[in-house]
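Visitor: I am sharing final_5.txt, which consists of compact mmCIF, C-alpha atoms and all ligand atoms:
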# COMPACT_ATOMS: atom_id res chain seq x y z
CA MET A 1 -5.15 22.03 -32.78
CA THR A 2 -7.88 24.69 -32.51
CA ASP A 3 -8.71 27.55 -30.13
CA ALA A 4 -11.39 25.38 -28.58
CA PRO A 5 -10.77 24.57 -24.92
CA ILE A 6 -8.96 21.59 -23.55
CA THR A 7 -11.93 19.69 -22.18
CA ILE A 8 -12.06 17.29 -19.25
CA ILE A 9 -15.07 15.05 -18.63
CA GLY A 10 -15.10 14.65 -14.85
CA THR A 11 -14.19 16.70 -11.77
CA GLY A 12 -13.14 13.87 -9.48
CA LEU A 13 -9.57 13.57 -8.25
CA ALA A 14 -8.44 12.69 -11.77
CA GLY A 15 -10.10 15.63 -13.54
CA TYR A 16 -9.16 18.25 -10.98
CA THR A 17 -5.60 16.99 -10.47
CA LEU A 18 -5.03 17.08 -14.21
CA ALA A 19 -6.52 20.58 -14.46
CA ARG A 20 -4.18 21.79 -11.69
CA GLU A 21 -1.11 20.18 -13.22
CA TRP A 22 -1.91 21.58 -16.66
CA ARG A 23 -2.53 25.09 -15.29
CA LYS A 24 0.98 25.02 -13.82
CA LEU A 25 2.23 24.79 -17.40
CA ASN A 26 -0.32 27.00 -19.10
CA ALA A 27 -1.96 29.86 -17.21
CA ASP A 28 -4.24 31.26 -19.90
CA ALA A 29 -5.42 28.81 -22.56
CA PRO A 30 -9.12 27.94 -22.28
CA LEU A 31 -10.06 24.99 -20.06
CA ARG A 32 -13.51 23.47 -19.63
CA LEU A 33 -14.66 20.71 -17.29
CA PHE A 34 -17.98 18.85 -17.17
CA THR A 35 -19.40 16.89 -14.30
CA THR A 36 -22.68 15.16 -13.55
CA ASP A 37 -22.42 16.20 -9.90
CA ALA A 38 -22.10 19.64 -8.27
CA GLY A 39 -18.39 19.91 -9.07
CA HIS A 40 -17.20 20.46 -5.51
CA PHE A 41 -13.66 19.28 -4.83
CA TYR A 42 -13.37 16.54 -2.22
CA SER A 43 -11.16 13.56 -1.54
CA LYS A 44 -13.16 10.43 -2.29
CA PRO A 45 -11.19 8.10 0.03
CA VAL A 46 -12.58 9.91 3.07
CA LEU A 47 -16.07 8.60 2.28
CA SER A 48 -15.23 5.25 3.86
CA ASN A 49 -13.96 6.64 7.16
CA ALA A 50 -16.20 9.65 7.72
CA PHE A 51 -18.95 8.01 9.80
CA ALA A 52 -17.00 7.34 12.95
CA GLN A 53 -15.96 11.01 12.85
CA ASN A 54 -19.62 11.96 12.28
CA LYS A 55 -18.73 14.07 9.23
CA ILE A 56 -21.64 15.51 7.27
CA PRO A 57 -21.11 15.80 3.47
CA GLU A 58 -20.59 19.57 3.63
CA GLN A 59 -17.60 19.04 5.91
CA LEU A 60 -15.98 16.83 3.27
CA VAL A 61 -15.98 19.54 0.61
CA ILE A 62 -12.49 21.02 0.34
CA SER A 63 -13.38 23.76 -2.20
CA ASP A 64 -16.74 24.43 -3.79
CA VAL A 65 -17.21 24.63 -7.54
CA ALA A 66 -17.00 28.43 -7.72
CA VAL A 67 -13.67 28.43 -5.89
CA MET A 68 -12.39 25.67 -8.19
CA ALA A 69 -13.43 27.61 -11.30
CA LYS A 70 -11.55 30.67 -10.04
CA GLN A 71 -8.46 28.77 -8.90
CA LEU A 72 -8.22 26.91 -12.19
CA ASN A 73 -9.27 29.81 -14.38
CA ALA A 74 -11.66 27.32 -15.95
CA GLU A 75 -15.25 27.00 -17.06
CA ILE A 76 -16.78 24.23 -14.95
CA ILE A 77 -20.17 23.00 -16.08
CA PRO A 78 -21.82 21.03 -13.25
CA HIS A 79 -24.89 18.77 -13.33
CA THR A 80 -24.23 18.09 -17.01
CA GLU A 81 -23.74 14.68 -18.54
CA ILE A 82 -21.70 14.32 -21.71
CA THR A 83 -23.80 11.86 -23.65
CA ARG A 84 -21.86 11.61 -26.92
CA ILE A 85 -18.62 12.64 -28.54
CA ASP A 86 -17.68 13.05 -32.18
CA PRO A 87 -13.92 12.46 -32.49
CA GLU A 88 -13.93 13.49 -36.17
CA SER A 89 -15.30 16.99 -35.68
CA HIS A 90 -13.81 17.36 -32.16
CA HIS A 91 -17.12 17.97 -30.41
CA CYS A 92 -18.72 16.58 -27.29
CA TYR A 93 -22.44 16.75 -26.63
CA ALA A 94 -24.59 17.23 -23.56
CA GLY A 95 -27.85 16.09 -25.11
CA GLU A 96 -28.28 18.32 -28.17
CA VAL A 97 -25.81 21.00 -27.02
CA ALA A 98 -22.46 20.72 -28.80
CA TYR A 99 -19.14 21.84 -27.31
CA ALA A 100 -15.97 22.03 -29.40
CA TYR A 101 -12.74 20.76 -27.89
CA SER A 102 -9.11 20.91 -28.95
CA GLN A 103 -8.05 17.94 -26.81
CA LEU A 104 -10.46 15.85 -24.75
CA VAL A 105 -9.78 13.86 -21.58
CA PHE A 106 -12.07 11.20 -20.20
CA ALA A 107 -11.75 11.42 -16.40
CA CYS A 108 -15.25 10.07 -15.89
CA GLY A 109 -14.51 7.50 -13.20
CA ALA A 110 -16.23 4.23 -12.47
CA THR A 111 -19.60 3.09 -11.19
CA GLN A 112 -20.24 0.57 -8.44
CA ARG A 113 -21.12 -2.81 -9.89
CA VAL A 114 -24.70 -4.02 -9.51
CA ILE A 115 -25.16 -7.70 -8.72
CA PRO A 116 -28.55 -9.26 -9.38
CA ILE A 117 -30.56 -9.94 -6.20
CA ALA A 118 -34.21 -11.01 -6.20
CA GLY A 119 -36.91 -9.06 -4.36
CA ASP A 120 -36.46 -5.51 -3.10
CA ALA A 121 -33.05 -4.95 -4.69
CA SER A 122 -33.72 -1.20 -4.86
CA ALA A 123 -33.00 -1.15 -1.12
CA VAL A 124 -29.31 -1.70 -1.87
CA MET A 125 -27.30 1.50 -1.48
CA ARG A 126 -23.89 2.34 -2.97
CA VAL A 127 -21.47 5.09 -1.93
CA ASN A 128 -19.19 6.44 -4.62
CA ASP A 129 -19.55 10.23 -4.41
CA LEU A 130 -20.75 12.98 -2.09
CA ASP A 131 -24.39 12.70 -3.15
CA SER A 132 -24.57 8.98 -2.50
CA TYR A 133 -22.74 9.45 0.81
CA GLN A 134 -25.39 12.00 1.75
CA ALA A 135 -28.20 9.62 0.76
CA PHE A 136 -26.59 6.81 2.77
CA ARG A 137 -26.23 8.99 5.86
CA ALA A 138 -29.80 10.21 5.50
CA ARG A 139 -31.07 6.64 5.31
CA LEU A 140 -29.09 5.61 8.40
CA THR A 141 -30.47 8.48 10.43
CA SER A 142 -34.03 8.58 9.02
CA CYS A 143 -34.80 4.97 9.99
CA SER A 144 -32.81 5.10 13.24
CA ALA A 145 -30.80 2.24 11.85
CA LYS A 146 -28.82 0.02 14.15
CA ARG A 147 -27.90 -2.81 11.76
CA VAL A 148 -26.02 -2.49 8.45
CA THR A 149 -25.35 -5.32 6.01
CA ILE A 150 -22.39 -4.83 3.69
CA LEU A 151 -22.17 -6.79 0.44
CA GLY A 152 -18.49 -7.29 -0.37
CA ALA A 153 -15.40 -7.66 1.83
CA GLY A 154 -12.91 -5.95 -0.45
CA LEU A 155 -11.03 -2.76 0.36
CA ILE A 156 -14.05 -0.48 0.43
CA GLY A 157 -16.32 -3.03 2.15
CA CYS A 158 -13.80 -3.61 4.96
CA GLU A 159 -13.21 0.11 5.41
CA PHE A 160 -16.94 0.85 5.67
CA ALA A 161 -17.39 -2.13 8.00
CA ASN A 162 -14.72 -0.82 10.38
CA ASP A 163 -16.02 2.74 10.18
CA LEU A 164 -19.69 1.86 10.73
CA ALA A 165 -18.87 -0.53 13.57
CA LEU A 166 -16.84 2.22 15.24
CA ALA A 167 -19.81 4.53 14.77
CA GLY A 168 -21.92 2.07 16.79
CA TYR A 169 -23.73 0.03 14.13
CA ALA A 170 -23.98 -3.76 14.23
CA VAL A 171 -22.39 -4.75 10.93
CA SER A 172 -22.78 -7.96 8.90
CA VAL A 173 -20.34 -8.47 6.03
CA LEU A 174 -20.99 -10.87 3.14
CA ASP A 175 -18.55 -12.10 0.52
CA VAL A 176 -18.39 -15.00 -1.92
CA ALA A 177 -14.69 -15.43 -1.07
CA PRO A 178 -13.53 -17.43 1.96
CA TYR A 179 -11.76 -14.45 3.56
CA PRO A 180 -11.79 -10.63 3.30
CA LEU A 181 -9.57 -8.72 0.84
CA SER A 182 -9.03 -11.99 -1.02
CA ARG A 183 -7.99 -10.24 -4.24
CA LEU A 184 -5.23 -8.31 -2.54
CA MET A 185 -3.75 -10.57 0.12
CA PRO A 186 -3.03 -14.21 0.98
CA VAL A 187 -5.38 -16.21 3.17
CA GLU A 188 -3.38 -15.79 6.42
CA ALA A 189 -3.51 -11.99 6.09
CA GLY A 190 -7.21 -11.98 5.20
CA GLN A 191 -8.01 -14.14 8.21
CA LEU A 192 -6.07 -11.79 10.46
CA MET A 193 -8.12 -8.86 9.10
CA GLN A 194 -11.28 -10.87 9.76
CA ARG A 195 -10.28 -11.62 13.38
CA ALA A 196 -9.28 -8.01 14.04
CA LEU A 197 -12.55 -6.59 12.68
CA GLN A 198 -14.49 -9.23 14.59
CA THR A 199 -13.39 -7.59 17.84
CA LEU A 200 -15.90 -4.86 16.85
CA PRO A 201 -19.65 -5.52 16.66
CA MET A 202 -19.38 -7.40 13.37
CA THR A 203 -20.37 -10.79 11.94
CA TRP A 204 -18.99 -12.42 8.79
CA HIS A 205 -20.93 -14.45 6.23
CA LEU A 206 -18.31 -15.78 3.83
CA GLN A 207 -18.47 -18.07 0.80
CA THR A 208 -22.05 -17.00 0.25
CA HIS A 209 -24.04 -14.13 -1.27
CA ALA A 210 -27.35 -12.33 -0.96
CA GLN A 211 -30.07 -14.08 -2.93
CA GLN A 212 -33.23 -12.26 -1.91
CA ILE A 213 -34.15 -9.05 -0.13
CA THR A 214 -37.59 -8.69 1.43
CA ALA A 215 -38.93 -5.46 2.90
CA LEU A 216 -40.24 -5.86 6.45
CA GLU A 217 -42.28 -3.46 8.53
CA HIS A 218 -40.78 -0.24 9.93
CA GLY A 219 -38.32 0.13 7.04
CA ALA A 220 -36.24 -2.94 7.90
CA TYR A 221 -35.21 -5.70 5.48
CA CYS A 222 -34.60 -9.40 5.56
CA VAL A 223 -31.67 -10.64 3.47
CA THR A 224 -31.74 -14.32 2.51
CA LEU A 225 -28.29 -15.74 1.75
CA ALA A 226 -27.44 -18.52 -0.68
CA ASN A 227 -26.33 -20.72 2.26
CA GLY A 228 -29.81 -20.49 3.80
CA GLU A 229 -28.96 -17.95 6.50
CA VAL A 230 -31.39 -15.07 7.01
CA LEU A 231 -30.27 -11.64 8.23
CA ASP A 232 -32.56 -8.91 9.50
CA THR A 233 -31.07 -5.50 8.78
CA ASP A 234 -31.95 -1.83 8.52
CA VAL A 235 -29.62 -0.73 5.73
CA ILE A 236 -27.85 -2.63 2.94
CA LEU A 237 -24.65 -1.22 1.43
CA SER A 238 -23.06 -2.75 -1.64
CA ALA A 239 -19.28 -2.61 -2.15
CA VAL A 240 -18.76 -5.35 -4.69
CA GLY A 241 -16.34 -3.54 -6.97
CA LEU A 242 -16.27 -0.96 -9.70
CA GLN A 243 -16.95 -0.89 -13.40
CA ALA A 244 -15.15 1.79 -15.44
CA ASN A 245 -17.46 4.26 -17.19
CA THR A 246 -16.67 3.41 -20.79
CA GLN A 247 -20.05 3.78 -22.51
CA VAL A 248 -19.57 7.22 -24.11
CA ALA A 249 -16.08 6.30 -25.32
CA ALA A 250 -17.20 2.93 -26.66
CA ALA A 251 -20.17 4.43 -28.50
CA ALA A 252 -17.76 6.80 -30.26
CA GLY A 253 -15.70 3.84 -31.47
CA LEU A 254 -12.80 4.12 -29.00
CA THR A 255 -11.19 0.86 -27.93
CA VAL A 256 -12.32 -0.25 -24.48
CA ASN A 257 -11.80 -3.38 -22.38
CA GLN A 258 -12.00 -3.19 -18.56
CA GLY A 259 -11.59 0.55 -19.06
CA ILE A 260 -10.94 3.04 -21.85
CA MET A 261 -7.77 1.66 -23.41
CA THR A 262 -4.74 3.94 -23.50
CA ASP A 263 -1.05 3.64 -24.20
CA ALA A 264 1.61 4.78 -21.71
CA TYR A 265 0.96 8.39 -22.82
CA LEU A 266 -2.72 7.98 -21.79
CA ARG A 267 -3.68 8.36 -25.47
CA THR A 268 -6.82 6.51 -26.45
CA SER A 269 -7.34 4.96 -29.88
CA ALA A 270 -8.76 8.30 -31.17
CA ALA A 271 -6.66 11.36 -32.01
CA ASP A 272 -6.56 14.10 -29.34
CA ILE A 273 -8.54 12.01 -26.84
CA TYR A 274 -7.03 10.74 -23.58
CA ALA A 275 -8.25 8.88 -20.51
CA LEU A 276 -7.15 9.12 -16.85
CA GLY A 277 -8.20 7.75 -13.47
CA ASP A 278 -10.74 5.03 -12.67
CA CYS A 279 -12.15 5.02 -16.23
CA ALA A 280 -8.78 4.32 -17.91
CA ALA A 281 -7.07 1.03 -18.71
CA VAL A 282 -3.50 2.26 -19.05
CA GLN A 283 -1.68 -0.24 -21.22
CA GLY A 284 -4.61 -2.55 -20.53
CA VAL A 285 -4.59 -2.23 -16.72
CA VAL A 286 -7.17 -0.35 -14.60
CA LEU A 287 -5.62 0.91 -11.34
CA PRO A 288 -8.54 2.47 -9.42
CA TYR A 289 -6.50 4.21 -6.74
CA VAL A 290 -5.32 7.74 -6.04
CA MET A 291 -1.57 7.39 -6.56
CA PRO A 292 -1.77 6.06 -10.14
CA LEU A 293 -4.07 8.90 -11.20
CA MET A 294 -1.71 11.47 -9.65
CA GLN A 295 1.20 10.05 -11.62
CA GLY A 296 -0.95 9.97 -14.74
CA ALA A 297 -2.14 13.55 -14.27
CA ARG A 298 1.42 14.87 -14.08
CA ALA A 299 2.46 13.07 -17.24
CA LEU A 300 -0.71 13.90 -19.16
CA ALA A 301 -0.51 17.62 -18.28
CA LYS A 302 2.85 17.72 -20.06
CA THR A 303 1.53 15.76 -23.02
CA LEU A 304 -1.43 18.13 -23.40
CA HIS A 305 1.07 20.99 -23.25
CA GLY A 306 2.98 19.56 -26.18
CA GLN A 307 5.71 17.60 -24.37
CA ALA A 308 4.71 13.98 -24.93
CA THR A 309 5.38 12.25 -21.60
CA ALA A 310 4.77 8.61 -20.73
CA VAL A 311 3.45 7.77 -17.26
CA HIS A 312 5.82 5.83 -15.00
CA TYR A 313 4.50 4.26 -11.85
CA PRO A 314 6.71 3.98 -8.79
CA ALA A 315 5.77 1.46 -6.10
CA MET A 316 2.31 2.55 -4.98
CA PRO A 317 1.34 1.00 -1.61
CA ILE A 318 -2.23 1.45 -0.38
CA ALA A 319 -2.99 2.18 3.28
CA VAL A 320 -6.16 0.31 4.22
CA LYS A 321 -8.30 2.54 6.44
CA THR A 322 -9.16 -0.15 9.00
CA PRO A 323 -7.94 1.18 12.37
CA ALA A 324 -8.81 -2.19 13.96
CA CYS A 325 -6.00 -3.65 11.87
CA PRO A 326 -3.55 -1.12 10.40
CA THR A 327 -2.59 -2.51 7.01
CA VAL A 328 -0.50 -1.48 4.02
CA ILE A 329 -0.73 -3.36 0.74
CA ALA A 330 1.52 -3.10 -2.28
CA PRO A 331 -0.62 -5.12 -4.70
CA VAL A 332 1.02 -7.77 -6.86
CA PRO A 333 0.52 -6.68 -10.51
CA PRO A 334 -2.26 -8.91 -11.90
CA SER A 335 -0.04 -10.02 -14.79
CA GLN A 336 2.49 -11.37 -12.24
CA ALA A 337 0.07 -13.11 -9.88
CA GLN A 338 1.15 -16.59 -11.02
CA SER A 339 4.85 -15.80 -11.25
CA GLY A 340 5.84 -16.32 -7.61
CA THR A 341 4.75 -17.20 -4.09
CA TRP A 342 3.86 -15.57 -0.79
CA GLN A 343 6.21 -15.87 2.14
CA ILE A 344 4.37 -15.19 5.41
CA THR A 345 5.86 -14.16 8.75
CA HIS A 346 3.29 -14.33 11.56
CA ASP A 347 4.74 -14.90 15.04
CA ALA A 348 1.75 -16.47 16.75
CA PRO A 349 -1.88 -17.19 15.81
CA GLU A 350 -3.15 -14.50 18.18
CA SER A 351 -0.60 -11.88 17.03
CA THR A 352 -1.97 -8.89 15.10
CA THR A 353 1.35 -8.37 13.34
CA LEU A 354 1.95 -10.08 10.00
CA LYS A 355 4.30 -9.61 7.06
CA ALA A 356 3.60 -11.24 3.70
CA LEU A 357 6.09 -10.83 0.86
CA PHE A 358 5.40 -11.91 -2.70
CA HIS A 359 8.59 -12.83 -4.53
CA HIS A 360 8.98 -13.60 -8.22
CA GLN A 361 10.69 -16.90 -9.06
CA ASP A 362 13.81 -14.84 -9.83
CA GLY A 363 13.82 -13.58 -6.21
CA SER A 364 12.65 -10.01 -6.85
CA LEU A 365 9.96 -8.53 -4.61
CA LEU A 366 6.68 -7.88 -6.48
CA GLY A 367 4.26 -7.00 -3.69
CA PHE A 368 3.66 -7.11 0.04
CA VAL A 369 1.14 -6.94 2.85
CA LEU A 370 2.10 -5.45 6.20
CA MET A 371 -0.25 -5.61 9.19
CA GLY A 372 -0.09 -4.33 12.74
CA LYS A 373 3.40 -3.33 13.89
CA ALA A 374 4.87 -4.54 10.58
CA VAL A 375 3.50 -1.42 8.79
CA THR A 376 6.63 0.38 10.00
CA GLU A 377 8.60 -1.64 7.41
CA LYS A 378 6.78 0.03 4.52
CA GLN A 379 9.50 2.43 3.41
CA ALA A 380 12.23 -0.20 3.46
CA LEU A 381 10.11 -2.57 1.35
CA VAL A 382 9.00 0.14 -1.08
CA ALA A 383 12.67 0.77 -1.77
CA GLN A 384 13.09 -2.91 -2.69
CA LEU A 385 9.95 -3.22 -4.69
CA SER A 386 10.03 -3.55 -8.42
CA SER A 387 6.41 -2.73 -9.28
CA GLY A 388 6.48 -4.38 -12.69
CA LEU A 389 4.11 -1.64 -13.91
CA SER A 390 6.44 1.04 -15.19
C1 LIG B 401 -15.29 4.79 -0.53
C2 LIG B 401 -13.99 4.80 -1.30
C3 LIG B 401 -12.79 4.80 -0.62
C4 LIG B 401 -11.58 4.81 -1.33
N1 LIG B 401 -10.40 4.80 -0.64
C5 LIG B 401 -9.23 4.86 -1.32
C6 LIG B 401 -7.98 4.89 -0.64
O1 LIG B 401 -7.92 4.84 0.60
N2 LIG B 401 -6.83 4.97 -1.37
C7 LIG B 401 -6.86 5.02 -2.74
O2 LIG B 401 -5.79 5.10 -3.36
N3 LIG B 401 -8.04 4.98 -3.42
C8 LIG B 401 -9.21 4.91 -2.75
N4 LIG B 401 -10.39 4.88 -3.43
C9 LIG B 401 -10.35 5.00 -4.90
C10 LIG B 401 -10.15 6.47 -5.31
O3 LIG B 401 -10.96 7.28 -4.52
C11 LIG B 401 -10.50 6.59 -6.79
O4 LIG B 401 -9.52 5.85 -7.51
C12 LIG B 401 -10.49 8.04 -7.31
O5 LIG B 401 -11.18 8.91 -6.45
C13 LIG B 401 -11.10 8.07 -8.72
O6 LIG B 401 -11.15 9.37 -9.19
P1 LIG B 401 -11.69 9.68 -10.66
O7 LIG B 401 -11.58 11.16 -10.81
O8 LIG B 401 -11.05 8.80 -11.65
O9 LIG B 401 -13.24 9.25 -10.64
P2 LIG B 401 -14.49 9.86 -9.89
O10 LIG B 401 -14.14 10.42 -8.57
O11 LIG B 401 -15.54 8.81 -9.95
O12 LIG B 401 -14.94 11.09 -10.79
C14 LIG B 401 -15.62 10.92 -11.99
C15 LIG B 401 -16.16 12.24 -12.45
O13 LIG B 401 -16.68 12.09 -13.77
C16 LIG B 401 -17.98 12.67 -13.84
N5 LIG B 401 -18.68 12.02 -14.94
C17 LIG B 401 -18.87 10.69 -15.15
N6 LIG B 401 -19.51 10.48 -16.31
C18 LIG B 401 -19.71 11.69 -16.86
C19 LIG B 401 -20.33 12.14 -18.07
N7 LIG B 401 -20.81 11.29 -18.96
N8 LIG B 401 -20.40 13.48 -18.29
C20 LIG B 401 -19.90 14.36 -17.40
N9 LIG B 401 -19.28 13.99 -16.26
C21 LIG B 401 -19.19 12.68 -15.99
C22 LIG B 401 -18.53 12.47 -12.45
O14 LIG B 401 -19.61 13.34 -12.20
C23 LIG B 401 -17.29 12.81 -11.61
O15 LIG B 401 -17.14 14.20 -11.54
C24 LIG B 401 -11.61 4.84 -2.75
C25 LIG B 401 -12.83 4.83 -3.44
C26 LIG B 401 -14.01 4.80 -2.72
C27 LIG B 401 -15.33 4.79 -3.46
Could you write out this structure as structure tokens?

Guide:
Amino acid sequence: MTDAPITIIGTGLAGYTLAREWRKLNADAPLRLFTTDAGHFYSKPVLSNAFAQNKIPEQLVISDVAVMAKQLNAEIIPHTEITRIDPESHHCYAGEVAYAYSQLVFACGATQRVIPIAGDASAVMRVNDLDSYQAFRARLTSCSAKRVTILGAGLIGCEFANDLALAGYAVSVLDVAPYPLSRLMPVEAGQLMQRALQTLPMTWHLQTHAQQITALEHGAYCVTLANGEVLDTDVILSAVGLQANTQVAAAAGLTVNQGIMTDAYLRTSAADIYALGDCAAVQGVVLPYVMPLMQGARALAKTLHGQATAVHYPAMPIAVKTPACPTVIAPVPPSQAQSGTWQITHDAPESTTLKALFHHQDGSLLGFVLMGKAVTEKQALVAQLSSGLS
């Protein structure tokens, strides 16, 4: 180990949480963080429920970069992309400028997936940070938009759909799946979410996808779907999933799959290099949510401090920010998806309360979905849950 700083690539929730946790253990040793954005600290989950509250980007900043640098006693280098690393010599590079590190952490997040669409595909917007949120808001206001088309009915797509509908926009949601949130919940629960959101100004276009986008006059667009439907819209937002940022790690020879591969200690395949947050595949699994990165940051801070500590995940339920249908999901671990069955309790077709429990063949609880009044059962079920991830 050298006197060079511990270096973190990324100042999202993963980078900053790790920096905080590590500073609790080590007040003085040098710490450096890089980020391609401005480096302000904010909570990314608020991006998908900030419209209805009419929040401008500045109101989402919790602490600006100067405050963060002071609080963390760290050098934070904003608007700077790390383009290459050399694990042998322990250097990372922003273009031609080399920076030595003692230990390096990839906390470089994930990028929204781009799906090929013919025509004016550049009209498609994505929101994954403060800058893109600002651009999205500016587009909505600059063209006096009234209609928004959302590509993708997953967690983020549904949250934006609810938020934008509450903010007064007419929302169309597209997904190739037959029901929303299809990766996280059984069909009965997805259909309940669909019905609940449909009480807002919202239309669903399921089991289809956008094939062509054509610019119309006055800044509007026409979206042609694979099923032949045609939607006129003012703004198109894509929320079709994330792709971990693995390019810099892969180019340096680190092992990557869906993310930068790590063991339970968040160690990558290269000495003194770690990965955390949306960019990491911890023991092969990418968990792009806040709770896993918090657990990881606490463990990794100790490891960086010399006390090798494996990450252990407790049950980590996700609250879906869809006020039209309060929902909590404890996702079934992907490796266990075929190992059991869903048991659904739904009193009546029109009821907005539903409980879905996923049990392993051996009877143990592996995941759940709670909707409406059933969300009050969260704590009791969390206590029963064996996450299968730790
Ligand atoms: C709209 C939305 C709503 C969400 N809601 C929830 C929710 O309700 N609950 C939940 O648990 N999760 C939610 N998530 C997911 C959660 O926000 C993410 O898991 C988490 O914020 C990821 O943090 P991160 O630090 O790993 O990545 P990011 O926040 O993406 O940060 C990555 C950082 O790396 C920097 N960077 C990238 N490449 C480089 C490079 N080459 N050089 C230098 N810097 C680089 C970036 O500039 C940035 O600073 C949501 C996500 C979105 C998009």

Visitor: How big is the axis-aligned box around the listed atoms of ligand LIG 401 (chain B) once 5 Å is added on each side, and where is its centre? Give both in Å to one decimal, as AutoDock Vina command-line options.

Guide:
--center_x -13.3 --center_y 9.6 --center_z -9.2 --size_x 25.0 --size_y 19.6 --size_z 29.6

Visitor: May I have the residues within 6 Å of ligand LIG 401 (chain B), computed using all atoms listed in the file, as a ChimeraX atom specification?

Guide: /A:9-15,34-37,44-45,47-48,80-83,107-110,128,156,277-278,288-291,318

Visitor: Only C-alpha atoms, please: the residues just picked out, written as a short mmCIF file (atom, residue, chain, number, x, y, z; two decimals), in the frame of the given file.

Guide:
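Done, and the output landed in result.cif:
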data_model
loop_
_atom_site.label_atom_id
_atom_site.label_comp_id
_atom_site.auth_asym_id
_atom_site.auth_seq_id
_atom_site.Cartn_x
_atom_site.Cartn_y
_atom_site.Cartn_z
CA ILE A 9 -15.07 15.05 -18.63
CA GLY A 10 -15.10 14.65 -14.85
CA THR A 11 -14.19 16.70 -11.77
CA GLY A 12 -13.14 13.87 -9.48
CA LEU A 13 -9.57 13.57 -8.25
CA ALA A 14 -8.44 12.69 -11.77
CA GLY A 15 -10.10 15.63 -13.54
CA PHE A 34 -17.98 18.85 -17.17
CA THR A 35 -19.40 16.89 -14.30
CA THR A 36 -22.68 15.16 -13.55
CA ASP A 37 -22.42 16.20 -9.90
CA LYS A 44 -13.16 10.43 -2.29
CA PRO A 45 -11.19 8.10 0.03
CA LEU A 47 -16.07 8.60 2.28
CA SER A 48 -15.23 5.25 3.86
CA THR A 80 -24.23 18.09 -17.01
CA GLU A 81 -23.74 14.68 -18.54
CA ILE A 82 -21.70 14.32 -21.71
CA THR A 83 -23.80 11.86 -23.65
CA ALA A 107 -11.75 11.42 -16.40
CA CYS A 108 -15.25 10.07 -15.89
CA GLY A 109 -14.51 7.50 -13.20
CA ALA A 110 -16.23 4.23 -12.47
CA ASN A 128 -19.19 6.44 -4.62
CA ILE A 156 -14.05 -0.48 0.43
CA GLY A 277 -8.20 7.75 -13.47
CA ASP A 278 -10.74 5.03 -12.67
CA PRO A 288 -8.54 2.47 -9.42
CA TYR A 289 -6.50 4.21 -6.74
CA VAL A 290 -5.32 7.74 -6.04
CA MET A 291 -1.57 7.39 -6.56
CA ILE A 318 -2.23 1.45 -0.38
#

Visitor: To one decimal place in Å, what is the distance between CA of Val187 in chain A and CA of Arg147 in chain A?

Guide: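 Interatomic distance here is 27.6 Å.
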
Visitor: When you draw a straight line from CA of Met316 in chain A to CA of Leu184 in chain A, how long is it in Å?

Guide: 13.4 Å

Visitor: Residues at most 8 Å from range 358-365 of chain A, counting all atoms listed in the file, excluding those fewer than 2 positions away in the same chain, as an MDAnalysis selection string?

Guide: chainID A and resid 332 336 339:343 356 367:368 384:386

Visitor: So that I can check the surroundings of Glu88 in chain A, please list as a ChimeraX atom specification every protein, DNA and RNA residue that reaches within 10 Å of it, counting only C-alpha atoms and ignoring chain neighbours fewer than 6 positions away.

Guide: /A:252,270-271

Visitor: Generate the output file for the selected residues, C-alpha atoms, as a PDB file, in the frame of the given file.

Guide:
ATOM      1  CA  ALA A 252     -17.760   6.800 -30.260  1.00  0.00           C
ATOM      2  CA  ALA A 270      -8.760   8.300 -31.170  1.00  0.00           C
ATOM      3  CA  ALA A 271      -6.660  11.360 -32.010  1.00  0.00           C
TER       4      ALA A 271
END

Visitor: (-8.4, 26.9, -23.0) in this file's frame - what residues fall within 6 Å of it? Use only C-alpha atoms and give the answer as a ChimeraX atom specification.

Guide: /A:5-6,29-31

Visitor: Rank nothing, just name the residue among A:Val382, A:Ala170, A:Ile329, A:Ala27 nearest to Leu197 in chain A, using all atoms listed in the file.

Guide: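 For Leu197 in chain A, the nearest of the given residues is A:Ala170.
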
Visitor: Closest to Glu229 in chain A among A:Leu287, A:Leu174, A:Met202, A:Ile77, using only C-alpha atoms?

Guide: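 Residue with the minimum atom-to-atom distance to Glu229 in chain A: A:Leu174.
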
Visitor: Between A:Ala123, A:Leu60, A:Leu381, A:Val282, which has the minimum distance to Leu216 in chain A (counting all atoms listed in the file)?

Guide: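 Ranking A:Ala123, A:Leu60, A:Leu381, A:Val282 by distance to Leu216 in chain A, first place goes to A:Ala123.
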
Visitor: Please identify all polymer residues within 8 Å of His305 in chain A, counting only C-alpha atoms, omitting same-chain residues fewer than 5 positions from it, and present them as a list in words.

Guide: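 My reading of the contact set: Trp22, Leu25 and Asn26 of chain A.
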
Visitor: Give the answer as one residue: which of A:Pro292, A:Gln212, A:Asp120, A:Asn49 has the shortest atom-to-atom distance to Ala165 in chain A, using all atoms listed in the file?

Guide: A:Asn49

Visitor: For Ile150 in chain A, find every residue with an atom within 12 Å (counting all atoms listed in the file), except residues of its own chain fewer than 6 positions away, and show them as an MDAnalysis selection string.

Guide: chainID A and resid 124:127 156:165 169:175 202:206 209:210 223 231 233:240

Visitor: Rounded to one decimal, what separation in Å do you get between CA of Arg23 in chain A and CA of Ala100 in chain A?

Guide: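 Taking CA of Arg23 in chain A as the start and CA of Ala100 in chain A as the end point, the length is 19.7 Å.
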